[in-house]
>>> print(open('run28.txt').read())   # compact mmCIF, C-alpha atoms
# COMPACT_ATOMS: atom_id res chain seq x y z
CA MET A 13 44.75 40.40 101.00
CA ALA A 14 43.13 43.15 98.99
CA SER A 15 45.31 44.83 96.39
CA GLY A 16 45.77 48.55 96.83
CA ASP A 17 45.62 50.99 99.70
CA TYR A 18 42.73 50.52 102.14
CA TYR A 19 41.90 54.23 102.08
CA ASP A 20 41.75 54.19 98.27
CA ILE A 21 39.51 51.12 98.31
CA LEU A 22 36.99 52.93 100.52
CA GLY A 23 37.47 56.25 98.72
CA VAL A 24 38.36 58.20 101.87
CA SER A 25 41.33 60.29 102.96
CA LYS A 26 43.87 59.07 105.49
CA GLY A 27 42.68 61.53 108.11
CA CYS A 28 38.97 60.76 107.69
CA SER A 29 36.69 60.54 110.72
CA ASP A 30 34.98 57.36 111.94
CA GLU A 31 31.66 58.66 110.64
CA GLU A 32 33.10 59.31 107.16
CA LEU A 33 34.58 55.80 107.20
CA LYS A 34 31.23 54.23 108.12
CA LYS A 35 29.37 56.21 105.46
CA ALA A 36 31.80 55.17 102.73
CA TYR A 37 31.66 51.55 103.83
CA ARG A 38 27.84 51.40 103.89
CA LYS A 39 27.61 52.78 100.36
CA LEU A 40 30.19 50.43 98.83
CA ALA A 41 29.09 47.31 100.76
CA LYS A 42 25.55 47.68 99.43
CA GLN A 43 26.78 48.48 95.93
CA TYR A 44 28.90 45.34 95.61
CA HIS A 45 26.87 42.91 97.73
CA PRO A 46 26.75 39.43 96.08
CA ASP A 47 22.96 39.27 96.35
CA LEU A 48 22.67 42.38 94.19
CA ASN A 49 25.33 41.19 91.74
CA PRO A 50 24.69 37.45 91.24
CA GLY A 51 27.47 35.73 89.33
CA ASP A 52 29.58 38.91 89.10
CA LYS A 53 33.04 37.81 90.28
CA SER A 54 34.41 41.35 90.02
CA ALA A 55 31.71 42.70 92.34
CA GLU A 56 32.25 39.78 94.72
CA GLN A 57 35.98 40.57 94.98
CA LYS A 58 35.29 44.28 95.48
CA PHE A 59 32.82 43.39 98.25
CA LYS A 60 35.54 41.37 99.99
CA ASP A 61 38.11 44.15 99.51
CA VAL A 62 35.76 46.77 100.94
CA ASN A 63 35.01 44.65 104.01
CA GLU A 64 38.68 43.83 104.53
CA ALA A 65 39.63 47.51 104.34
CA TYR A 66 36.89 48.47 106.79
CA SER A 67 37.81 45.66 109.22
CA VAL A 68 41.25 47.24 109.58
CA LEU A 69 40.48 50.97 109.44
CA SER A 70 37.50 50.75 111.81
CA ASP A 71 39.74 49.30 114.54
CA PRO A 72 41.80 52.15 116.12
CA ASP A 73 44.74 49.90 116.99
CA LYS A 74 44.84 48.19 113.59
CA ARG A 75 44.45 51.54 111.82
CA ARG A 76 47.37 53.06 113.72
CA LYS A 77 49.62 50.12 112.87
CA TYR A 78 48.47 50.09 109.24
CA ASP A 79 49.21 53.83 108.90
CA GLN A 80 52.69 53.31 110.33
CA PHE A 81 53.76 49.98 108.84
CA GLY A 82 51.31 49.01 106.09
CA LYS A 83 49.48 45.73 105.58
CA GLY A 84 52.32 43.61 106.98
CA ALA A 85 51.49 44.89 110.46
CA VAL A 86 47.85 43.74 110.35
CA ASP A 87 47.85 40.55 108.27
CA GLY A 88 50.85 38.74 109.78
CA SER A 89 52.64 38.60 106.39
CA GLY A 90 55.41 41.09 107.21
CA GLY A 91 58.43 40.82 109.42
CA PHE A 92 58.35 43.62 111.95
CA GLY A 93 56.11 46.52 112.55
CA GLY A 94 55.03 48.04 115.79
CA GLY A 95 52.57 45.28 116.37
CA TYR A 96 50.03 42.79 115.17
CA SER A 97 46.39 42.91 116.15
CA GLY A 98 45.17 39.71 114.53
CA PHE A 99 45.44 37.53 117.62
CA GLY A 100 42.53 35.22 118.08
CA GLY A 101 42.82 33.37 114.79
CA ALA A 102 39.28 33.95 113.50
CA GLU A 103 39.15 33.65 109.73
CA PHE A 104 38.13 36.89 108.03
CA ASP A 105 34.54 36.71 106.78
CA PRO A 106 33.25 39.83 105.00
CA MET A 107 29.64 38.86 105.68
CA ASP A 108 30.26 39.13 109.42
CA ILE A 109 31.07 42.82 109.06
CA PHE A 110 28.22 43.44 106.63
CA ASN A 111 25.68 41.73 108.87
CA SER A 112 26.87 43.74 111.87
CA PHE A 113 25.65 46.84 109.97
CA PHE A 114 22.58 45.59 108.14
CA GLY A 115 21.44 42.54 110.15
CA GLY A 116 21.14 38.94 109.07
CA GLY A 117 18.07 39.35 106.86
CA PHE A 118 17.32 43.05 106.27
CA GLY A 119 16.12 43.65 102.71
CA GLY A 120 17.34 40.21 101.67
CA PHE A 121 20.99 41.03 102.40
CA GLY A 122 22.93 38.31 104.11
CA GLY A 123 20.29 35.71 103.32
CA SER A 124 22.45 33.53 101.07
CA SER A 125 23.07 30.05 102.41
CA ARG A 126 26.83 29.67 102.94
CA ARG A 127 28.63 26.78 104.56
CA ARG A 128 30.09 27.71 107.91
CA ASN A 129 32.10 24.54 108.33
CA GLY A 130 34.86 25.34 105.82
CA PRO A 131 38.58 25.56 106.69
CA VAL A 132 39.37 28.01 109.49
CA LYS A 133 42.90 29.18 110.29
CA GLY A 134 44.11 28.33 113.79
CA ALA A 135 44.48 30.90 116.54
CA ASP A 136 47.61 33.06 116.68
CA LEU A 137 49.58 33.12 119.92
CA LYS A 138 51.77 35.79 121.53
CA TYR A 139 54.82 35.24 123.71
CA GLY A 140 56.52 38.02 125.68
CA MET A 141 60.32 37.95 125.67
CA SER A 142 62.53 40.16 127.85
CA LEU A 143 65.93 41.13 126.40
CA GLU A 144 69.01 42.82 127.76
CA PHE A 145 69.95 46.04 125.97
CA MET A 146 72.94 44.47 124.20
CA GLU A 147 70.97 41.33 123.25
CA ALA A 148 68.48 43.52 121.43
CA ALA A 149 71.23 45.62 119.84
CA PHE A 150 73.25 42.75 118.40
CA GLY A 151 70.80 39.84 118.31
CA CYS A 152 70.90 36.62 120.27
CA GLU A 153 69.46 33.11 120.49
CA LYS A 154 66.91 32.02 123.08
CA ASP A 155 65.11 28.82 124.03
CA ILE A 156 61.46 29.36 124.91
CA THR A 157 58.66 27.17 126.27
CA PHE A 158 54.99 28.00 125.80
CA SER A 159 51.59 26.30 126.00
CA ARG A 160 49.27 25.78 123.05
CA GLU A 161 46.42 23.57 121.98
CA ASP A 162 47.37 20.70 119.68
CA LEU A 163 45.32 18.05 117.98
CA CYS A 164 44.47 15.19 120.32
CA PRO A 165 46.90 12.32 119.57
CA SER A 166 44.17 9.74 120.13
CA CYS A 167 41.44 11.02 117.81
CA LYS A 168 43.67 13.15 115.56
CA GLY A 169 41.44 16.13 116.18
CA SER A 170 38.12 14.57 115.19
CA GLY A 171 36.79 14.52 118.76
CA ALA A 172 35.36 11.03 118.18
CA GLN A 173 36.51 7.91 120.00
CA PRO A 174 39.09 6.00 117.88
CA GLY A 175 37.25 3.55 115.66
CA THR A 176 34.32 5.93 115.23
CA ALA A 177 33.82 9.13 113.25
CA PRO A 178 31.72 12.29 113.47
CA GLU A 179 28.38 12.01 111.69
CA THR A 180 26.66 14.53 109.45
CA CYS A 181 24.26 16.64 111.46
CA PRO A 182 20.69 15.55 110.56
CA SER A 183 19.25 18.99 111.42
CA CYS A 184 21.30 21.06 108.96
CA ARG A 185 22.49 18.21 106.73
CA GLY A 186 26.08 19.19 107.24
CA SER A 187 25.83 22.87 106.31
CA GLY A 188 26.14 24.11 109.89
CA ARG A 189 23.45 26.72 109.21
CA ILE A 190 19.68 26.79 109.27
CA GLN A 191 17.22 29.29 107.81
CA THR A 192 14.04 30.52 109.42
CA GLN A 193 11.37 32.95 108.28
CA THR A 194 10.70 36.00 110.43
CA GLN A 195 7.88 38.52 110.12
CA THR A 196 9.19 42.12 110.33
CA LEU A 197 7.88 45.58 109.47
CA PHE A 198 9.37 45.05 106.02
CA GLY A 199 7.58 41.76 105.45
CA MET A 200 8.78 38.17 105.66
CA THR A 201 12.56 37.87 105.75
CA MET A 202 14.87 34.87 105.83
CA VAL A 203 17.27 34.72 108.77
CA THR A 204 20.26 32.39 108.66
CA LYS A 205 21.95 31.31 111.88
CA ASP A 206 24.19 28.58 113.30
CA CYS A 207 22.54 25.22 113.65
CA PRO A 208 21.72 24.73 117.38
CA ALA A 209 22.07 20.95 117.11
CA CYS A 210 25.72 20.95 116.01
CA GLY A 211 26.80 24.46 117.00
CA GLY A 212 27.55 25.34 113.37
CA ARG A 213 30.04 22.52 112.85
CA GLY A 214 27.88 20.50 110.48
CA THR A 215 28.69 17.27 112.32
CA VAL A 216 27.72 15.60 115.58
CA ILE A 217 29.79 13.23 117.72
CA ARG A 218 27.94 10.23 119.09
CA THR A 219 30.90 8.71 120.95
CA PRO A 220 33.32 11.40 122.24
CA CYS A 221 37.03 10.66 122.52
CA GLN A 222 37.87 9.80 126.12
CA ASN A 223 41.33 11.38 125.93
CA CYS A 224 40.07 14.89 125.04
CA SER A 225 36.40 14.60 126.07
CA GLY A 226 35.33 15.16 122.49
CA LYS A 227 37.15 18.47 122.08
CA GLY A 228 39.67 17.07 119.59
CA ARG A 229 42.44 19.10 121.26
CA LYS A 230 44.81 18.92 124.20
CA VAL A 231 46.96 21.64 125.79
CA THR A 232 50.64 20.80 125.36
CA LYS A 233 54.02 22.37 126.13
CA ARG A 234 56.07 23.43 123.12
CA GLN A 235 59.80 24.27 123.09
CA LEU A 236 61.46 26.38 120.41
CA HIS A 237 64.94 27.71 119.68
CA VAL A 238 64.52 31.32 118.55
CA LYS A 239 67.05 33.48 116.72
CA VAL A 240 66.45 37.12 117.67
CA PRO A 241 67.60 39.52 114.90
CA ALA A 242 69.83 42.45 115.77
CA GLY A 243 68.08 45.77 116.23
CA VAL A 244 64.76 44.72 117.75
CA ASP A 245 63.12 47.14 120.17
CA THR A 246 60.38 47.15 122.77
CA GLY A 247 57.03 46.41 121.15
CA ASP A 248 58.46 44.72 118.05
CA LEU A 249 56.95 41.39 117.05
CA LEU A 250 58.83 38.46 115.54
CA PRO A 251 56.46 36.14 113.64
CA ILE A 252 57.12 32.39 113.68
CA TYR A 253 54.73 31.01 111.12
CA GLY A 254 52.85 27.79 111.76
CA GLU A 255 53.66 27.65 115.48
CA GLY A 256 50.22 28.78 116.62
CA GLU A 257 47.25 26.52 117.29
CA PRO A 258 45.95 24.07 114.67
CA GLY A 259 43.15 25.17 112.36
CA ARG A 260 39.71 23.66 112.12
CA ASN A 261 38.21 21.69 109.26
CA GLY A 262 41.58 21.45 107.55
CA GLY A 263 42.54 25.09 108.07
CA ASN A 264 46.18 26.15 108.40
CA LYS A 265 47.91 26.50 111.74
CA GLY A 266 48.07 29.93 113.33
CA ASN A 267 51.31 31.79 114.00
CA LEU A 268 53.34 32.54 117.10
CA TYR A 269 54.29 36.18 117.62
CA ILE A 270 57.14 36.98 119.99
CA GLU A 271 56.81 40.44 121.49
CA PHE A 272 60.00 42.01 122.81
CA LYS A 273 60.60 44.16 125.85
CA VAL A 274 64.12 45.61 126.07
CA LYS A 275 65.56 46.42 129.50
CA LYS A 276 67.15 49.78 130.26
CA HIS A 277 70.93 50.14 130.20
CA ASP A 278 73.07 51.77 132.88
CA VAL A 279 75.01 53.88 130.36
CA PHE A 280 73.21 53.98 127.01
CA VAL A 281 69.83 55.33 126.01
CA ARG A 282 68.21 54.31 122.76
CA GLN A 283 65.90 56.16 120.38
CA GLY A 284 65.16 54.00 117.36
CA ARG A 285 68.50 53.22 115.70
CA ASN A 286 70.37 55.98 117.57
CA THR A 287 72.11 55.65 120.93
CA PHE A 288 73.09 58.32 123.45
CA CYS A 289 75.20 58.62 126.57
CA GLU A 290 76.62 61.30 128.87
CA VAL A 291 80.36 61.49 129.57
CA PRO A 292 81.62 63.49 132.58
CA ILE A 293 84.85 65.47 132.06
CA THR A 294 86.85 67.62 134.46
CA LEU A 295 87.03 71.40 134.44
CA ALA A 296 90.62 71.25 133.27
CA GLN A 297 89.81 68.78 130.46
CA ALA A 298 87.00 71.01 129.25
CA ALA A 299 89.16 74.15 129.35
CA LEU A 300 92.42 72.74 128.01
CA GLY A 301 91.23 69.82 125.91
CA ALA A 302 92.22 66.21 126.51
CA ASP A 303 92.44 62.74 124.99
CA ILE A 304 89.81 60.48 126.55
CA GLU A 305 87.88 57.30 125.83
CA VAL A 306 84.13 57.51 125.16
CA PRO A 307 81.82 54.49 125.47
CA THR A 308 79.91 53.03 122.50
CA ILE A 309 77.92 49.82 122.24
CA ASP A 310 80.90 48.40 120.31
CA GLY A 311 83.29 49.26 123.14
CA PRO A 312 85.36 52.33 124.12
CA MET A 313 86.84 54.54 121.39
CA SER A 314 89.46 57.29 121.56
CA TYR A 315 88.35 60.90 121.24
CA HIS A 316 90.05 64.26 121.65
CA VAL A 317 88.01 66.73 123.71
CA LYS A 318 88.57 70.08 122.08
CA GLU A 319 89.81 73.06 124.07
CA GLY A 320 86.99 75.19 125.50
CA THR A 321 84.36 72.46 125.51
CA GLN A 322 81.20 73.70 127.22
CA PRO A 323 78.76 71.76 129.44
CA GLY A 324 76.19 70.06 127.21
CA ASP A 325 78.33 70.09 124.05
CA GLN A 326 77.67 67.02 121.93
CA VAL A 327 79.51 64.98 119.36
CA SER A 328 78.01 62.28 117.11
CA PHE A 329 79.64 59.22 115.58
CA LYS A 330 78.15 57.68 112.45
CA ASN A 331 77.53 53.91 112.24
CA ARG A 332 78.05 53.47 115.97
CA GLY A 333 74.39 53.09 116.87
CA ILE A 334 71.89 50.23 116.57
CA ILE A 335 71.68 47.95 113.55
CA ASP A 336 68.51 48.39 111.49
CA LYS A 337 66.40 45.28 112.06
CA ASN A 338 65.13 45.25 108.48
CA THR A 339 68.35 46.39 106.74
CA PRO A 340 71.38 45.07 108.69
CA SER A 341 73.80 47.10 106.55
CA ILE A 342 72.38 50.31 108.07
CA ARG A 343 73.31 51.52 111.56
CA GLY A 344 72.29 54.56 113.52
CA GLU A 345 74.45 57.23 115.14
CA HIS A 346 75.92 57.36 118.62
CA THR A 347 75.84 60.75 120.35
CA VAL A 348 77.97 61.71 123.35
CA ARG A 349 76.98 64.65 125.55
CA PHE A 350 79.75 66.11 127.72
CA VAL A 351 79.00 66.95 131.33
CA VAL A 352 81.59 69.21 132.99
CA GLU A 353 81.96 68.11 136.58
CA ILE A 354 82.71 70.86 139.10
CA PRO A 355 85.17 69.68 141.77
CA THR A 356 83.91 69.43 145.35
CA LYS A 357 85.49 69.02 148.82
CA LEU A 358 88.40 71.33 147.99
CA SER A 359 91.21 71.82 150.49
CA GLU A 360 92.19 75.31 151.63
CA GLU A 361 95.22 75.24 149.39
CA GLN A 362 93.11 74.22 146.38
CA LYS A 363 90.61 76.98 147.08
CA LYS A 364 93.45 79.49 147.27
CA LEU A 365 94.85 78.34 143.94
CA LEU A 366 91.42 78.40 142.32
CA LYS A 367 90.77 81.96 143.52
CA ALA A 368 94.13 83.04 142.16
CA PHE A 369 93.33 81.40 138.83
CA ASP A 370 89.90 83.06 138.70
CA SER A 371 91.45 86.45 139.43
CA SER A 372 93.77 86.01 136.47
CA LEU A 373 90.81 85.71 134.06
CA SER A 374 89.16 88.63 132.26
CA ASP A 375 85.90 89.20 130.44
CA LYS A 376 87.33 87.84 127.20
CA ASN A 377 87.57 84.43 128.85
CA TYR A 378 83.78 84.33 129.46
CA ALA A 379 81.96 85.01 126.20
CA LYS A 380 78.63 83.51 127.30
CA LYS A 381 78.65 85.34 130.63
CA ASN A 382 79.28 88.72 129.03
CA SER A 383 76.67 88.12 126.32
CA PHE A 384 74.07 87.18 128.94
CA PHE A 385 74.55 90.25 131.09
CA GLU A 386 74.52 92.53 128.05
CA LYS A 387 71.07 91.13 127.24
CA VAL A 388 69.95 91.72 130.82
CA LYS A 389 71.11 95.34 130.66
CA ASN A 390 69.18 95.89 127.43
CA ILE A 391 65.99 94.67 129.11
CA PHE A 392 66.05 97.47 131.64
CA LYS A 393 67.26 100.29 129.39
>>> encode(input="run28.txt", output="structure tokens")
Amino acid sequence: MASGDYYDILGVSKGCSDEELKKAYRKLAKQYHPDLNPGDKSAEQKFKDVNEAYSVLSDPDKRRKYDQFGKGAVDGSGGFGGGYSGFGGAEFDPMDIFNSFFGGGFGGFGGSSRRRNGPVKGADLKYGMSLEFMEAAFGCEKDITFSREDLCPSCKGSGAQPGTAPETCPSCRGSGRIQTQTQTLFGMTMVTKDCPACGGRGTVIRTPCQNCSGKGRKVTKRQLHVKVPAGVDTGDLLPIYGEGEPGRNGGNKGNLYIEFKVKKHDVFVRQGRNTFCEVPITLAQAALGADIEVPTIDGPMSYHVKEGTQPGDQVSFKNRGIIDKNTPSIRGEHTVRFVVEIPTKLSEEQKKLLKAFDSSLSDKNYAKKNSFFEKVKNIFK
């Protein structure tokens, strides 16, 4: 990965427009292109860094995740982050981005002969896992089964029948690429493209493996025991390195990314590390105060409702929320909102008593009511 911030590499601000991003990229990509700086390792590295930065910032989804979580969210090297957009497993090639702007042979750019049959990292895979609210809050262990391509056990991935081997492509002599001259408005240019005889692999198979029909791969079922950390939330990704599909030409295996979806809870609502719930109390408990139990994700805890509690009053408890998935020693808060329940289906005797009680009250017992009507009076004065 490139060292430094992607915005700094391209010389743009974090809130730059797509057009500003493209303009900055075009300028720097031409400046540091290897064909214009032969043998300059510093320029070559800067060219790669510029293309890497643009490959992330030009993609709206990758850019959003990079802005929120940094490089770990877009290169698969970090733990969590709102997501990972590198699925597909294609190895990053700066020339692919450059050529998408300037073409394969414009002005000589992109005309260098580079081997296309080098090591390629295997494809990343994604697995969706549904979790109960408490499983996500405190962590759990799950057994999962998923499908992936593995190397064919018969040919070990070569695609050739056992006892034979792939042969060097006679058309491209193993490079996987061929060059042709094309007449354009700017004169004769060299265009490099994948060899049509071998499809860019650099080798041809004369006798395909019967077990995989020459593909070198077979779809298999894979079982894994997964430890889910406490504190994960919907949309989080857990990387399991090396459990993706095998690479090509000796490339590393891809990764498996488990994406979580947390189910709703009947009592608790979650916002990040904080949890919330509503607790109904009676009219008498709100007016007189009472000792009650309030629910938390750790279980019920004792709490004294203070005298004169109003509907919607809240109380928060530190370290009673969700564990931070990256720093387990940190927990969020738990907030309880009191809902005063008005009694219904009163008997005649109860209504009589309630009317007598109401008659015994004066304005000093209703501070909010008096304040409200004073404001109303002022409106019409």
>>> closest_residue(input="run28.txt", among="A:His277, A:Arg218, A:Lys168, A:Arg349", to="A:Thr321", atoms="all atoms listed in the file")
A:Arg349
>>> closest_residue(input="run28.txt", among="A:Ala148, A:Thr219, A:Val317, A:Phe369", to="A:Gly175", atoms="all atoms listed in the file")
A:Thr219
>>> atom_distance(input="run28.txt", atom1="atom CA of A:Thr246", atom2="atom CA of A:Phe272")
5.2 Å
>>> atom_distance(input="run28.txt", atom1="atom CA of A:Cys28", atom2="atom CA of A:Glu64")
17.2 Å
>>> atom_distance(input="run28.txt", atom1="atom CA of A:Met313", atom2="atom CA of A:Ile293")
15.4 Å
>>> closest_residue(input="run28.txt", among="A:Pro258, A:Pro292, A:Gly27, A:Pro165", to="A:Leu69", atoms="all atoms listed in the file")
A:Gly27
>>> residues_around(input="run28.txt", residues="A:Tyr269", least_positions_apart="5", cutoff="9 Å", atoms="all atoms listed in the file", output="list in words")
Gly88, Tyr96, Phe99, Asp136, Leu137, Lys138, Tyr139, Gly140, Leu249, Leu250, Pro251, Ile252, Tyr253, Glu255 and Gly256 of chain A
>>> closest_residue(input="run28.txt", among="A:Ser341, A:Gln322, A:Ser372, A:Asn261", to="A:Val132", atoms="all atoms listed in the file")
A:Asn261
>>> closest_residue(input="run28.txt", among="A:Val388, A:Ala65, A:Leu40, A:Cys210", to="A:Gly16", atoms="only C-alpha atoms")
A:Ala65
>>> build_atoms(input="run28.txt", residues="stretch 38-49 of chain A", atoms="N, CA and C atoms", output="PDB file, in the coordinates of the input")
ATOM      1  N   ARG A  38      29.233  51.756 104.126  1.00  0.00           N
ATOM      2  CA  ARG A  38      27.840  51.400 103.890  1.00  0.00           C
ATOM      3  C   ARG A  38      27.480  51.491 102.399  1.00  0.00           C
ATOM      4  N   LYS A  39      27.931  52.558 101.773  1.00  0.00           N
ATOM      5  CA  LYS A  39      27.610  52.780 100.360  1.00  0.00           C
ATOM      6  C   LYS A  39      28.217  51.686  99.485  1.00  0.00           C
ATOM      7  N   LEU A  40      29.497  51.393  99.687  1.00  0.00           N
ATOM      8  CA  LEU A  40      30.190  50.430  98.830  1.00  0.00           C
ATOM      9  C   LEU A  40      29.756  48.994  99.124  1.00  0.00           C
ATOM     10  N   ALA A  41      29.508  48.674 100.406  1.00  0.00           N
ATOM     11  CA  ALA A  41      29.090  47.310 100.760  1.00  0.00           C
ATOM     12  C   ALA A  41      27.760  46.965 100.116  1.00  0.00           C
ATOM     13  N   LYS A  42      26.831  47.927 100.096  1.00  0.00           N
ATOM     14  CA  LYS A  42      25.550  47.680  99.430  1.00  0.00           C
ATOM     15  C   LYS A  42      25.728  47.578  97.918  1.00  0.00           C
ATOM     16  N   GLN A  43      26.586  48.439  97.383  1.00  0.00           N
ATOM     17  CA  GLN A  43      26.780  48.480  95.930  1.00  0.00           C
ATOM     18  C   GLN A  43      27.308  47.161  95.379  1.00  0.00           C
ATOM     19  N   TYR A  44      28.248  46.544  96.128  1.00  0.00           N
ATOM     20  CA  TYR A  44      28.900  45.340  95.610  1.00  0.00           C
ATOM     21  C   TYR A  44      28.411  44.050  96.264  1.00  0.00           C
ATOM     22  N   HIS A  45      27.334  44.102  97.038  1.00  0.00           N
ATOM     23  CA  HIS A  45      26.870  42.910  97.730  1.00  0.00           C
ATOM     24  C   HIS A  45      26.540  41.795  96.737  1.00  0.00           C
ATOM     25  N   PRO A  46      26.979  40.554  97.008  1.00  0.00           N
ATOM     26  CA  PRO A  46      26.750  39.430  96.080  1.00  0.00           C
ATOM     27  C   PRO A  46      25.294  39.213  95.714  1.00  0.00           C
ATOM     28  N   ASP A  47      24.367  39.479  96.655  1.00  0.00           N
ATOM     29  CA  ASP A  47      22.960  39.270  96.350  1.00  0.00           C
ATOM     30  C   ASP A  47      22.433  40.231  95.299  1.00  0.00           C
ATOM     31  N   LEU A  48      23.086  41.394  95.192  1.00  0.00           N
ATOM     32  CA  LEU A  48      22.670  42.380  94.190  1.00  0.00           C
ATOM     33  C   LEU A  48      23.457  42.235  92.892  1.00  0.00           C
ATOM     34  N   ASN A  49      24.485  41.397  92.925  1.00  0.00           N
ATOM     35  CA  ASN A  49      25.330  41.190  91.740  1.00  0.00           C
ATOM     36  C   ASN A  49      25.576  39.698  91.542  1.00  0.00           C
TER      37      ASN A  49
END
